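First up is the structure itself, then whatever we jot down about it.
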Amino acid sequence: MLTDLSTYSLPILIVTIYISLLLVIAEFSRRYTKVDSEFTRKIVHIGTGNVILLAWWFHIPTFMIIFASIIASFVAIVSYFLPILPSVNGVGRKSLGTLFYAMSIGILTGLFWENGQQQYTVMGILIMSYGDGMAALIGKKWGKNSYQVWGNKKSWEGSLTMTFVSILITLIVLTFTDNWQLENMIIALIVGIFATILETISYIGIDNLTVPVFGGILIYYLQQFFSL
């Protein structure tokens, strides 16, 4: 294990610096600008998703990602009870979204990373980070047509953003890893709608777990189905 740590010391350093800068920028923006905590939280939400791309690029092994997700989960639990990282958690409501975010990375990595199927982990995480993050930002800024599902207030503008971004991410990654096929569009459409439904019915931030995990699994099985 010490050999692995030495081998991946540079990638680990790069990821650590990236996350640290992201948090520092978010915290600085919250404290010294007029940006509210909801905006900085979503910026961190989106930006943190890029870590899975760095892990994919640097071929970081499974155990390191799972270990990092466990540490992040612990920090998330502590931050739920203590007023730390207000740029991430200070949104005026109790949410376990940060914990679910960390858990989803660990679960998807355990399911797919070791088998050389990292793209399913990547798609699940990016659909959640970019899809949900952009949906919240667009909905907050331009959401004029609202609706409610089980007490959750959403906007059509935000939900359509979630669908579009999920479709786009799925198409890009599938085409990058498996070339262009018509089936990719069908898979992307199904996943985009499915992810939006899960995000719409979420409660206490559980979409940060259900969207990526079920999204990644759904893409995997849809590809298996179309390859028959």
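Ligands are numbered from 1 in the order shown, residues from 1 within each chain, and chains are lettered A, B, ... in the order they appear in the structure tokens.
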- [ ] Pull the helix (DSSP H, G or I) assignments for segment 86-149 of chain A out of DSSP run on the backbone, and list those residues as a PyMOL selection string.
- [x] chain A and resi 86-89+97-115+118-142
Could you write out the selected residues, including C-alpha atoms, as a compact mmCIF listing (two decimals), in the first residue's frame?
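In the end it all went to result_32.txt:
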# COMPACT_ATOMS: atom_id res chain seq x y z
CA PRO A 86 -20.96 27.24 5.60
CA SER A 87 -20.30 27.75 1.89
CA VAL A 88 -21.27 24.09 1.46
CA ASN A 89 -23.88 23.52 4.18
CA GLY A 97 -26.82 15.78 0.57
CA THR A 98 -23.08 16.08 1.21
CA LEU A 99 -23.03 12.72 2.97
CA PHE A 100 -25.01 11.06 0.17
CA TYR A 101 -22.67 12.66 -2.38
CA ALA A 102 -19.62 11.05 -0.76
CA MET A 103 -21.41 7.72 -0.35
CA SER A 104 -22.43 7.62 -4.01
CA ILE A 105 -18.80 7.97 -5.13
CA GLY A 106 -17.76 5.06 -2.92
CA ILE A 107 -20.66 2.84 -4.00
CA LEU A 108 -20.22 3.44 -7.74
CA THR A 109 -16.47 2.96 -7.46
CA GLY A 110 -16.99 -0.34 -5.68
CA LEU A 111 -19.43 -1.48 -8.36
CA PHE A 112 -17.52 -0.56 -11.51
CA TRP A 113 -13.99 0.77 -11.01
CA GLU A 114 -12.12 -2.47 -10.43
CA ASN A 115 -13.75 -4.12 -13.47
CA GLN A 118 -15.02 3.35 -14.81
CA GLN A 119 -17.24 5.14 -17.32
CA TYR A 120 -20.38 4.09 -15.42
CA THR A 121 -19.01 5.56 -12.20
CA VAL A 122 -18.05 8.73 -14.08
CA MET A 123 -21.45 9.11 -15.77
CA GLY A 124 -23.36 8.56 -12.54
CA ILE A 125 -21.32 11.15 -10.63
CA LEU A 126 -21.31 13.75 -13.42
CA ILE A 127 -25.06 13.42 -13.99
CA MET A 128 -25.55 14.15 -10.32
CA SER A 129 -22.95 16.91 -9.97
CA TYR A 130 -23.57 18.80 -13.20
CA GLY A 131 -27.21 17.85 -13.78
CA ASP A 132 -28.49 18.56 -10.29
CA GLY A 133 -26.14 21.51 -9.81
CA MET A 134 -27.06 23.26 -13.04
CA ALA A 135 -30.75 22.51 -12.50
CA ALA A 136 -30.65 24.29 -9.13
CA LEU A 137 -28.77 27.29 -10.50
CA ILE A 138 -30.98 27.69 -13.57
CA GLY A 139 -34.14 27.07 -11.57
CA LYS A 140 -33.18 29.66 -8.96
CA LYS A 141 -32.20 32.29 -11.53
CA TRP A 142 -34.76 31.77 -14.30
Open item on the list: DSSP on the backbone, strand (DSSP E or B) only: what residues of chain A does that give? Format it as a PyMOL selection string.
Closed with: chain A and resi 146-149+152-155
Open item on the list: Quick one: residues within 8 Å of segment 9-11 of chain A, only C-alpha atoms, excluding same-chain residues fewer than 5 positions away - as an NGL selection string?
Closed with: :A and (54-55 or 58 or 60)
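Each of A:Ile71, A:Tyr32, A:Ala26, A:Gly216 was checked against Val173 of chain A using only C-alpha atoms; the smallest atom-to-atom distance is that of A:Gly216.
Neighbours of Leu96 of chain A closer than or equal to 9 Å, with only C-alpha atoms counted and sequence neighbours fewer than 5 positions away skipped, come out as Ala76, Ile77, Tyr80, Tyr101, Ile204, Gly205, Ile206 and Asn208 of chain A.
When the distance limit is 10 Å and only C-alpha atoms are what count, the residues near Leu218 of chain A, minus those fewer than 2 positions from it on the same chain, are Tyr120, Gly124, Ile187, Ile190, Val191, Phe194, Ala195, Pro212, Val213, Phe214, Gly215, Gly216, Tyr220, Tyr221, Leu222, Gln223 and Gln224 of chain A.
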Task: Distance of atom CA of Ala68 of chain A from atom CA of Leu23 of chain A, expressed in Å to one decimal place - done: 16.4 Å
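The interatomic distance for the pair atom CA of Ser146 of chain A and atom CA of Thr33 of chain A works out to 28.5 Å.
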Open item on the list: Between atom CA of Asp178 of chain A and atom CA of Phe67 of chain A, what is the distance in Å, rounded to a tenth?
Closed with: 29.3 Å
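Compared by their closest atoms to Trp156 of chain A, and using only C-alpha atoms, the residues A:Ser73, A:Ile25, A:Thr196, A:Asn184 rank with A:Thr196 nearest.
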